[in-house]
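Colleague: Input work-v2.cif, format and content: mmCIF, C-alpha atoms.
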data_data
loop_
_atom_site.group_PDB
_atom_site.id
_atom_site.type_symbol
_atom_site.label_atom_id
_atom_site.label_comp_id
_atom_site.auth_asym_id
_atom_site.auth_seq_id
_atom_site.Cartn_x
_atom_site.Cartn_y
_atom_site.Cartn_z
ATOM 1 C CA MET A 1 35.574 124.161 101.735
ATOM 2 C CA ASN A 2 35.452 124.367 97.948
ATOM 3 C CA GLN A 3 34.878 127.884 96.650
ATOM 4 C CA ILE A 4 34.060 126.817 93.098
ATOM 5 C CA ASN A 5 31.994 129.971 92.509
ATOM 6 C CA PHE A 6 34.733 132.377 93.578
ATOM 7 C CA GLN A 7 35.762 134.430 90.550
ATOM 8 C CA GLY A 8 38.515 136.553 92.064
ATOM 9 C CA LYS A 9 42.217 136.332 91.208
ATOM 10 C CA ILE A 10 45.002 135.696 93.728
ATOM 11 C CA ALA A 11 48.109 137.890 93.882
ATOM 12 C CA VAL A 12 50.931 138.202 96.423
ATOM 13 C CA HIS A 13 52.448 141.241 98.119
ATOM 14 C CA ALA A 14 56.219 141.801 97.857
ATOM 15 C CA ILE A 15 56.443 143.429 101.318
ATOM 16 C CA THR A 16 57.581 140.183 102.964
ATOM 17 C CA TRP A 17 60.888 140.306 101.068
ATOM 18 C CA GLY A 18 61.709 143.880 102.097
ATOM 19 C CA ASP A 19 63.992 145.582 99.578
ATOM 20 C CA ARG A 20 64.904 142.320 97.854
ATOM 21 C CA HIS A 21 62.602 143.139 94.968
ATOM 22 C CA LEU A 22 63.854 140.732 92.307
ATOM 23 C CA GLN A 23 64.081 137.912 94.833
ATOM 24 C CA ALA A 24 60.440 138.605 95.666
ATOM 25 C CA MET A 25 59.467 138.164 92.030
ATOM 26 C CA GLU A 26 61.583 135.059 91.569
ATOM 27 C CA GLU A 27 60.312 133.268 94.662
ATOM 28 C CA ALA A 28 56.711 134.371 94.165
ATOM 29 C CA ALA A 29 56.859 132.835 90.699
ATOM 30 C CA GLN A 30 58.451 129.651 92.049
ATOM 31 C CA LEU A 31 55.569 129.345 94.514
ATOM 32 C CA GLY A 32 53.062 129.568 91.671
ATOM 33 C CA TYR A 33 51.764 133.102 92.156
ATOM 34 C CA ARG A 34 51.041 134.838 88.860
ATOM 35 C CA ALA A 35 50.592 138.419 90.061
ATOM 36 C CA ILE A 36 52.411 140.640 92.544
ATOM 37 C CA GLU A 37 51.973 144.006 94.274
ATOM 38 C CA PRO A 38 55.503 145.468 94.270
ATOM 39 C CA TRP A 39 56.809 148.150 96.592
ATOM 40 C CA PRO A 40 55.975 151.613 95.207
ATOM 41 C CA SER A 41 59.524 152.887 95.737
ATOM 42 C CA PHE A 42 60.816 150.091 93.519
ATOM 43 C CA ALA A 43 58.176 150.736 90.865
ATOM 44 C CA LEU A 44 58.983 154.455 90.808
ATOM 45 C CA GLU A 45 62.561 153.637 89.832
ATOM 46 C CA TYR A 46 61.026 152.792 86.446
ATOM 47 C CA GLU A 47 58.543 155.658 86.135
ATOM 48 C CA ASP A 48 60.187 156.895 82.938
ATOM 49 C CA ARG A 49 60.638 153.387 81.525
ATOM 50 C CA THR A 50 57.597 151.383 82.532
ATOM 51 C CA ASP A 51 58.100 149.104 79.542
ATOM 52 C CA GLU A 52 61.277 147.876 81.246
ATOM 53 C CA LEU A 53 59.427 147.180 84.497
ATOM 54 C CA ARG A 54 56.744 145.337 82.587
ATOM 55 C CA GLU A 55 59.417 143.218 80.891
ATOM 56 C CA ILE A 56 60.945 142.375 84.292
ATOM 57 C CA LEU A 57 57.564 141.210 85.552
ATOM 58 C CA GLN A 58 57.020 139.162 82.408
ATOM 59 C CA ARG A 59 60.449 137.555 82.826
ATOM 60 C CA TYR A 60 59.122 135.978 86.021
ATOM 61 C CA GLY A 61 55.708 135.172 84.584
ATOM 62 C CA LEU A 62 54.056 137.863 86.673
ATOM 63 C CA VAL A 63 51.735 140.816 86.199
ATOM 64 C CA MET A 64 51.313 143.792 88.510
ATOM 65 C CA SER A 65 48.133 143.722 90.593
ATOM 66 C CA ALA A 66 48.412 147.225 92.117
ATOM 67 C CA LEU A 67 50.682 149.692 93.918
ATOM 68 C CA TYR A 68 50.343 151.216 97.377
ATOM 69 C CA GLY A 69 50.028 154.990 97.462
ATOM 70 C CA GLY A 70 47.613 157.468 99.015
ATOM 71 C CA ALA A 71 49.090 159.656 101.747
ATOM 72 C CA SER A 72 51.900 157.163 102.365
ATOM 73 C CA GLY A 73 55.444 157.558 101.097
ATOM 74 C CA ILE A 74 56.431 160.422 103.407
ATOM 75 C CA ASN A 75 56.169 160.110 107.181
ATOM 76 C CA GLY A 76 53.565 162.512 108.549
ATOM 77 C CA ARG A 77 51.826 163.225 105.242
ATOM 78 C CA ARG A 78 48.045 163.078 105.743
ATOM 79 C CA PHE A 79 44.839 163.306 103.781
ATOM 80 C CA THR A 80 43.487 165.469 106.613
ATOM 81 C CA ASP A 81 46.112 168.186 106.061
ATOM 82 C CA ALA A 82 44.947 170.491 103.268
ATOM 83 C CA ALA A 83 48.467 171.928 102.922
ATOM 84 C CA GLN A 84 49.664 168.537 101.686
ATOM 85 C CA ARG A 85 46.938 168.120 99.063
ATOM 86 C CA GLN A 86 49.063 168.899 96.025
ATOM 87 C CA SER A 87 51.886 166.657 97.241
ATOM 88 C CA ILE A 88 49.441 163.767 97.597
ATOM 89 C CA ILE A 89 47.888 164.393 94.182
ATOM 90 C CA ASP A 90 51.267 164.605 92.451
ATOM 91 C CA TYR A 91 52.571 161.455 94.156
ATOM 92 C CA ASN A 92 49.546 159.369 93.216
ATOM 93 C CA VAL A 93 49.482 160.585 89.635
ATOM 94 C CA ARG A 94 53.116 159.432 89.336
ATOM 95 C CA LEU A 95 52.183 156.009 90.698
ATOM 96 C CA ALA A 96 49.122 155.796 88.461
ATOM 97 C CA ARG A 97 51.245 156.402 85.379
ATOM 98 C CA VAL A 98 53.491 153.483 86.349
ATOM 99 C CA ILE A 99 50.482 151.292 87.072
ATOM 100 C CA ALA A 100 48.862 152.113 83.744
ATOM 101 C CA GLY A 101 52.165 151.582 81.942
ATOM 102 C CA CYS A 102 52.360 148.089 83.404
ATOM 103 C CA GLY A 103 48.816 147.220 82.353
ATOM 104 C CA ALA A 104 47.377 147.270 85.872
ATOM 105 C CA GLY A 105 44.436 149.290 87.135
ATOM 106 C CA HIS A 106 44.423 149.763 90.922
ATOM 107 C CA LEU A 107 46.064 152.112 93.398
ATOM 108 C CA VAL A 108 45.719 151.413 97.125
ATOM 109 C CA PHE A 109 45.096 154.689 98.985
ATOM 110 C CA GLY A 110 46.986 154.137 102.234
ATOM 111 C CA PRO A 111 46.239 156.739 104.952
ATOM 112 C CA GLY A 112 48.823 158.894 106.685
ATOM 113 C CA ALA A 113 50.624 157.743 109.821
ATOM 114 C CA PRO A 114 51.174 157.789 112.724
ATOM 115 C CA ARG A 115 47.646 158.074 114.083
ATOM 116 C CA LEU A 116 47.151 161.255 116.107
ATOM 117 C CA GLY A 117 43.682 160.436 117.389
ATOM 118 C CA LYS A 118 40.134 160.366 116.125
ATOM 119 C CA ALA A 119 39.515 162.377 112.963
ATOM 120 C CA THR A 120 37.009 165.204 113.321
ATOM 121 C CA ARG A 121 34.208 165.747 110.816
ATOM 122 C CA GLU A 122 36.020 168.804 109.460
ATOM 123 C CA GLU A 123 39.235 166.798 109.028
ATOM 124 C CA LEU A 124 37.313 164.082 107.203
ATOM 125 C CA LYS A 125 35.852 166.697 104.836
ATOM 126 C CA ILE A 126 39.363 167.949 104.087
ATOM 127 C CA ALA A 127 40.504 164.367 103.523
ATOM 128 C CA ALA A 128 37.573 163.670 101.211
ATOM 129 C CA ASP A 129 38.358 166.730 99.081
ATOM 130 C CA THR A 130 41.953 165.573 98.660
ATOM 131 C CA ILE A 131 40.984 161.962 97.988
ATOM 132 C CA ASN A 132 38.328 162.980 95.452
ATOM 133 C CA GLU A 133 40.694 165.209 93.517
ATOM 134 C CA ALA A 134 43.542 162.689 93.506
ATOM 135 C CA ALA A 135 41.239 159.798 92.593
ATOM 136 C CA LYS A 136 39.729 161.684 89.670
ATOM 137 C CA ARG A 137 43.213 162.370 88.341
ATOM 138 C CA THR A 138 44.229 158.699 88.564
ATOM 139 C CA LEU A 139 40.945 157.580 87.017
ATOM 140 C CA GLU A 140 41.769 159.725 83.980
ATOM 141 C CA LEU A 141 44.737 157.368 83.556
ATOM 142 C CA GLY A 142 42.515 154.298 83.889
ATOM 143 C CA VAL A 143 43.532 153.593 87.495
ATOM 144 C CA LYS A 144 41.004 153.150 90.321
ATOM 145 C CA SER A 145 42.027 154.644 93.666
ATOM 146 C CA CYS A 146 40.870 152.500 96.583
ATOM 147 C CA LEU A 147 40.568 153.633 100.205
ATOM 148 C CA HIS A 148 42.457 151.323 102.553
ATOM 149 C CA PRO A 149 41.621 151.532 106.285
ATOM 150 C CA HIS A 150 44.807 150.764 108.225
ATOM 151 C CA LEU A 151 45.583 150.349 111.911
ATOM 152 C CA TRP A 152 47.570 153.164 113.556
ATOM 153 C CA THR A 153 46.744 155.697 110.811
ATOM 154 C CA GLU A 154 44.350 158.591 110.220
ATOM 155 C CA LEU A 155 41.819 156.141 108.705
ATOM 156 C CA GLN A 156 41.368 153.256 111.128
ATOM 157 C CA ASP A 157 37.896 153.059 112.686
ATOM 158 C CA GLY A 158 34.591 152.039 111.186
ATOM 159 C CA ASP A 159 32.918 155.414 111.624
ATOM 160 C CA GLU A 160 35.853 157.113 109.884
ATOM 161 C CA LEU A 161 35.556 154.717 106.976
ATOM 162 C CA ASP A 162 31.796 155.171 106.713
ATOM 163 C CA ALA A 163 32.135 158.964 106.804
ATOM 164 C CA LEU A 164 34.749 159.009 104.061
ATOM 165 C CA MET A 165 32.805 156.607 101.878
ATOM 166 C CA GLU A 166 29.818 158.946 102.220
ATOM 167 C CA LEU A 167 31.845 162.101 101.511
ATOM 168 C CA CYS A 168 33.857 160.705 98.597
ATOM 169 C CA ASP A 169 32.604 160.496 95.023
ATOM 170 C CA PRO A 170 31.334 156.924 94.459
ATOM 171 C CA GLU A 171 32.190 157.193 90.773
ATOM 172 C CA ALA A 172 35.873 157.904 91.500
ATOM 173 C CA VAL A 173 36.753 156.534 94.948
ATOM 174 C CA PHE A 174 36.680 152.803 95.578
ATOM 175 C CA LEU A 175 37.552 150.519 98.514
ATOM 176 C CA ALA A 176 40.436 148.140 99.234
ATOM 177 C CA PRO A 177 39.485 146.266 102.417
ATOM 178 C CA ASP A 178 42.236 144.521 104.378
ATOM 179 C CA THR A 179 41.025 141.596 106.467
ATOM 180 C CA ALA A 180 43.557 142.077 109.287
ATOM 181 C CA HIS A 181 43.444 145.862 109.579
ATOM 182 C CA LEU A 182 39.652 145.860 109.639
ATOM 183 C CA THR A 183 39.473 143.043 112.193
ATOM 184 C CA GLY A 184 42.106 144.703 114.372
ATOM 185 C CA ALA A 185 39.949 147.832 114.481
ATOM 186 C CA GLY A 186 36.911 145.825 115.530
ATOM 187 C CA ILE A 187 35.313 145.834 112.075
ATOM 188 C CA ASP A 188 33.850 142.756 110.364
ATOM 189 C CA PRO A 189 35.512 142.539 106.921
ATOM 190 C CA ALA A 190 32.703 140.456 105.425
ATOM 191 C CA ALA A 191 30.132 143.048 106.539
ATOM 192 C CA VAL A 192 32.194 145.868 105.010
ATOM 193 C CA ILE A 193 32.470 143.967 101.722
ATOM 194 C CA ARG A 194 28.703 143.496 101.594
ATOM 195 C CA ARG A 195 27.946 147.088 102.648
ATOM 196 C CA TYR A 196 30.165 148.583 99.954
ATOM 197 C CA ARG A 197 29.677 145.860 97.383
ATOM 198 C CA GLU A 198 29.550 148.306 94.477
ATOM 199 C CA ARG A 199 32.858 149.927 95.446
ATOM 200 C CA VAL A 200 35.077 147.023 96.532
ATOM 201 C CA ALA A 201 37.780 147.016 93.844
ATOM 202 C CA TYR A 202 40.849 145.447 95.478
ATOM 203 C CA VAL A 203 41.427 143.254 98.555
ATOM 204 C CA HIS A 204 44.293 142.426 100.917
ATOM 205 C CA LEU A 205 44.037 138.951 102.447
ATOM 206 C CA LYS A 206 45.950 139.157 105.716
ATOM 207 C CA ASP A 207 45.847 137.345 109.071
ATOM 208 C CA LEU A 208 46.086 138.769 112.581
ATOM 209 C CA THR A 209 47.971 137.033 115.385
ATOM 210 C CA PRO A 210 45.473 136.063 118.099
ATOM 211 C CA GLU A 211 45.567 137.662 121.526
ATOM 212 C CA GLY A 212 47.282 135.332 123.977
ATOM 213 C CA ALA A 213 49.328 133.594 121.284
ATOM 214 C CA THR A 214 52.693 132.187 122.375
ATOM 215 C CA ARG A 215 55.912 131.271 120.597
ATOM 216 C CA GLU A 216 54.780 127.646 120.657
ATOM 217 C CA ASP A 217 52.010 128.624 118.247
ATOM 218 C CA PHE A 218 54.672 129.638 115.693
ATOM 219 C CA PRO A 219 57.252 126.827 115.496
ATOM 220 C CA MET A 220 58.748 128.463 112.374
ATOM 221 C CA LEU A 221 60.302 131.269 114.457
ATOM 222 C CA MET A 222 64.034 130.970 114.053
ATOM 223 C CA GLY A 223 65.317 132.861 117.107
ATOM 224 C CA ASN A 224 64.076 135.103 119.902
ATOM 225 C CA GLU A 225 61.928 137.294 117.680
ATOM 226 C CA ALA A 226 58.845 138.890 119.152
ATOM 227 C CA LEU A 227 55.569 137.508 117.881
ATOM 228 C CA PRO A 228 54.464 139.410 114.774
ATOM 229 C CA VAL A 229 51.255 141.427 114.754
ATOM 230 C CA PHE A 230 50.342 139.778 111.446
ATOM 231 C CA CYS A 231 50.965 136.140 110.698
ATOM 232 C CA GLU A 232 50.716 133.590 107.920
ATOM 233 C CA LEU A 233 47.200 132.878 106.664
ATOM 234 C CA GLY A 234 45.444 130.263 108.751
ATOM 235 C CA LEU A 235 47.601 130.762 111.858
ATOM 236 C CA GLY A 236 45.656 133.745 113.156
ATOM 237 C CA GLN A 237 42.147 134.788 114.095
ATOM 238 C CA ILE A 238 40.610 135.848 110.773
ATOM 239 C CA ASP A 239 37.573 133.962 109.460
ATOM 240 C CA PHE A 240 38.625 133.841 105.810
ATOM 241 C CA HIS A 241 35.743 131.616 104.778
ATOM 242 C CA SER A 242 33.255 134.383 105.609
ATOM 243 C CA VAL A 243 35.363 136.868 103.635
ATOM 244 C CA ILE A 244 35.481 134.660 100.553
ATOM 245 C CA GLU A 245 31.757 133.969 100.892
ATOM 246 C CA ALA A 246 31.073 137.716 100.926
ATOM 247 C CA LEU A 247 33.294 138.306 97.884
ATOM 248 C CA THR A 248 31.588 135.447 96.072
ATOM 249 C CA GLU A 249 28.155 136.815 97.008
ATOM 250 C CA ILE A 250 28.892 140.249 95.507
ATOM 251 C CA GLY A 251 30.305 138.690 92.348
ATOM 252 C CA TYR A 252 33.817 140.012 92.933
ATOM 253 C CA THR A 253 36.206 139.268 90.049
ATOM 254 C CA GLY A 254 39.213 141.399 91.012
ATOM 255 C CA TRP A 255 42.525 140.853 92.766
ATOM 256 C CA VAL A 256 42.782 139.330 96.227
ATOM 257 C CA THR A 257 46.367 139.897 97.366
ATOM 258 C CA VAL A 258 47.932 137.634 99.980
ATOM 259 C CA GLU A 259 50.018 139.752 102.377
ATOM 260 C CA ILE A 260 52.217 139.152 105.396
ATOM 261 C CA ASP A 261 54.406 142.025 106.594
ATOM 262 C CA GLN A 262 56.907 139.995 108.587
ATOM 263 C CA SER A 263 57.872 136.373 108.037
ATOM 264 C CA THR A 264 58.193 134.032 111.016
ATOM 265 C CA SER A 265 60.809 132.039 109.076
ATOM 266 C CA THR A 266 61.667 133.022 105.511
ATOM 267 C CA PRO A 267 59.542 134.911 102.987
ATOM 268 C CA TYR A 268 59.443 131.837 100.768
ATOM 269 C CA ARG A 269 58.202 129.585 103.586
ATOM 270 C CA SER A 270 55.678 132.144 104.820
ATOM 271 C CA LEU A 271 54.134 132.640 101.380
ATOM 272 C CA GLU A 272 54.176 128.881 100.847
ATOM 273 C CA ILE A 273 52.103 128.477 104.020
ATOM 274 C CA CYS A 274 49.739 131.185 102.764
ATOM 275 C CA ARG A 275 49.490 129.586 99.316
ATOM 276 C CA ASP A 276 48.731 126.161 100.769
ATOM 277 C CA PHE A 277 46.046 127.637 103.032
ATOM 278 C CA VAL A 278 44.333 129.401 100.141
ATOM 279 C CA GLU A 279 44.421 126.278 97.986
ATOM 280 C CA SER A 280 43.604 123.583 100.566
ATOM 281 C CA LYS A 281 41.362 125.416 103.035
ATOM 282 C CA LEU A 282 39.653 128.006 100.844
ATOM 283 C CA GLY A 283 39.563 125.852 97.720
ATOM 284 C CA ILE A 284 41.004 128.571 95.482
ATOM 285 C CA PRO A 285 43.746 127.474 93.065
ATOM 286 C CA ILE A 286 46.909 129.564 92.803
ATOM 287 C CA ARG A 287 49.233 127.287 90.889
ATOM 288 C CA ASP A 288 48.369 126.543 87.278
#
Starting from the coordinates I provided, produce the structure as structure tokens.
Modeller:
Amino acid sequence: MNQINFQGKIAVHAITWGDRHLQAMEEAAQLGYRAIEPWPSFALEYEDRTDELREILQRYGLVMSALYGGASGINGRRFTDAAQRQSIIDYNVRLARVIAGCGAGHLVFGPGAPRLGKATREELKIAADTINEAAKRTLELGVKSCLHPHLWTELQDGDELDALMELCDPEAVFLAPDTAHLTGAGIDPAAVIRRYRERVAYVHLKDLTPEGATREDFPMLMGNEALPVFCELGLGQIDFHSVIEALTEIGYTGWVTVEIDQSTSTPYRSLEICRDFVESKLGIPIRD
């Protein structure tokens, strides 16, 4: 399928390499990726010298696509806890300064974990107040904060997403859909992209291991590892063609970041499989 009308840009997530941050940049560049979403903890090491971080990225021919923030970063921190509002605001302003200093413009608002059950309407109102205030502060720095529904967190289900999108300021709070986390929660990513077409500002392209999959479906596994929840693009159950069609339909021109949490072989091989899928099956070039 040739997506000649697709105007988005492909990036890669550094999560697959764990704390091997420079190796992630080196191998991502070798694979032909030209943008990367680094780990926030690594980026914050340079918060007082973002010019140095930018030079490191440039050394590998990369630019920053975004950073992951929100209520993440501290286990148990939640948007739905008003007592943690200032902590969340301060953390995301720090990240936004790094992002802006590196010439990027997006902050992924990851929800708090672990999930404690369905959010009540009152909890969602508290969350929206925190998200609105934090997002307005990052937008002052030129950085768009993007809600990111995530399995096993306080923002997982479709009704929770819809409620927060209604309660949050559409001029300040955007959306970063993740194909695997939405699908795993029983949500159609293409439908979400179309429904919130004016607010989709960043995307994670991620696959979900099918139910009933066996080790024989993943010949790259090197030992007795358990099957991963998320797998290389094209080896799982996500209909990526419908996602790209939806992004093309809404005229999306932003970053689409390839992500796999856990490699079934090596990070290099996993992101090579993902790259080849995007280029050969989706018709979107990554390599120059």
Colleague: When you count all atoms listed in the file, which of these residues is closest to Asp188 (chain A): A:Gln156, A:Gln7, A:Thr253, A:Ser242?
Modeller: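 Of the candidates, the smallest distance to Asp188 (chain A) is held by A:Ser242.
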Colleague: Tell me, as a list in words, which residues lie within 10 Å of Phe277 (chain A), counting only C-alpha atoms; anything in the same chain fewer than 4 positions away does not count.
Modeller: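 Surrounding residues, per the criterion: Glu232, Leu233, Gly234, Leu235, Leu271, Glu272, Ile273, Lys281, Leu282, Gly283 and Ile284 of chain A.
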Colleague: Pick out the closest residue to Leu95 (chain A) from this set: A:Gly158, A:Gly110, A:Gly76, A:Pro40. Count only C-alpha atoms.
Modeller: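 Between A:Gly158, A:Gly110, A:Gly76, A:Pro40, the residue approaching Leu95 (chain A) most closely is A:Pro40.
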Colleague: Could you put an axis-aligned box around every listed atom of region 182-191 of chain A, padded by 6 Å on each side, and send me its centre and edge lengths in Å to one decimal, as JSON?
Modeller:
{"center_x": 36.1, "center_y": 144.1, "center_z": 110.5, "size_x": 24.0, "size_y": 19.4, "size_z": 22.1}
Colleague: As a check of understanding, name the residues that the PyMOL selection byres ((chain A and resi 105) around 8) selects in the supplied structure, as a ChimeraX atom specification.
Modeller: /A:65-66,99-100,103-104,106-107,142-144
Colleague: Starting from the displayed file, determine the output of the PyMOL selection byres ((chain A and resi 118) around 10) and express the residue list as a list of chain:residue names.
Modeller: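 This file gives the following for the PyMOL selection byres ((chain A and resi 118) around 10): A:Arg115, A:Leu116, A:Gly117, A:Ala119, A:Thr120, A:Arg121, A:Glu123, A:Thr153, A:Glu154, A:Leu155, A:Gln156, A:Asp157, A:Asp159, A:Glu160.
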Colleague: Could you check how far CA of Arg85 (chain A) sits from CA of Phe42 (chain A), in Å to one decimal?
Modeller: 23.4 Å
Colleague: What's the 7 Å shell around region 205-210 of chain A, counting only C-alpha atoms, without same-chain residues fewer than 6 positions away, as a PyMOL selection string?
Modeller: chain A and resi 178-180+228-233+236-238+256-260
Colleague: What does the distance between CA of Gln30 (chain A) and CA of Gly61 (chain A) come to in Å, to one decimal place?
Modeller: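 Taking CA of Gln30 (chain A) as the start and CA of Gly61 (chain A) as the end point, the length is 9.7 Å.
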Colleague: Would you pick out the contacts of Arg197 (chain A) at 10 Å or less, using all atoms listed in the file, so that residues sharing its chain but fewer than 2 positions from it are not included, and give the list as a list in words?
Modeller: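 After dropping sequence-adjacent residues, the list is Leu175, Ala191, Val192, Ile193, Arg194, Arg195, Arg199, Val200, Ala201, Ala246, Leu247, Glu249, Ile250, Gly251 and Tyr252 of chain A.
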Colleague: One number please: CA of Ala172 (chain A) to CA of Ala135 (chain A), in Å, one decimal.
Modeller: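 Value for the CA of Ala172 (chain A)-CA of Ala135 (chain A) distance: 5.8 Å.
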Colleague: I need the residue nearest Glu140 (chain A) from this list: A:Pro111, A:Val93, A:Gln84, A:Pro170. Use all atoms listed in the file for the distance.
Modeller: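 Smallest distance to Glu140 (chain A) is found for A:Val93.
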Colleague: Would you please work out which residue, of A:Cys102, A:Leu44, A:Ala71, A:Ile10, is nearest to Gly32 (chain A) when using all atoms listed in the file?
Modeller: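 Using all atoms listed in the file, Gly32 (chain A) sits closest to A:Ile10.
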Colleague: Starting from the PyMOL selection byres ((chain A and resi 165) around 10), expand the selection into actual residues of this file and give them as a list of chain:residue names.
Modeller: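 So the PyMOL selection byres ((chain A and resi 165) around 10) ends up selecting A:Ala128, A:Leu147, A:Asp159, A:Glu160, A:Leu161, A:Asp162, A:Ala163, A:Leu164, A:Glu166, A:Leu167, A:Cys168, A:Asp169, A:Pro170, A:Val173, A:Phe174, A:Leu175, A:Tyr196, A:Arg199.
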Colleague: Mind dumping the selected residues with C-alpha atoms as a compact mmCIF listing (two decimals), in the frame of the given file?
Modeller:
# COMPACT_ATOMS: atom_id res chain seq x y z
CA ALA A 128 37.57 163.67 101.21
CA LEU A 147 40.57 153.63 100.20
CA ASP A 159 32.92 155.41 111.62
CA GLU A 160 35.85 157.11 109.88
CA LEU A 161 35.56 154.72 106.98
CA ASP A 162 31.80 155.17 106.71
CA ALA A 163 32.14 158.96 106.80
CA LEU A 164 34.75 159.01 104.06
CA GLU A 166 29.82 158.95 102.22
CA LEU A 167 31.84 162.10 101.51
CA CYS A 168 33.86 160.71 98.60
CA ASP A 169 32.60 160.50 95.02
CA PRO A 170 31.33 156.92 94.46
CA VAL A 173 36.75 156.53 94.95
CA PHE A 174 36.68 152.80 95.58
CA LEU A 175 37.55 150.52 98.51
CA TYR A 196 30.16 148.58 99.95
CA ARG A 199 32.86 149.93 95.45
Colleague: With only C-alpha atoms as the basis for distance, which of A:Trp152, A:Lys136, A:Cys146, A:Val12 is at the shortest distance from Ser270 (chain A)?
Modeller: A:Val12
Colleague: Smallest atom-to-atom distance to Ile286 (chain A): which of A:Thr264, A:Phe79, A:Ser72, A:Cys274, using all atoms listed in the file?
Modeller: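 Nearest candidate to Ile286 (chain A) out of A:Thr264, A:Phe79, A:Ser72, A:Cys274: A:Cys274.
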Colleague: With all atoms listed in the file as the counted atoms, please give the residues lying no more than 7 Å from region 181-184 of chain A, apart from itself and same-chain residues fewer than 3 positions off, as an MDAnalysis selection string.
Modeller: chainID A and resid 149:151 178 187:189
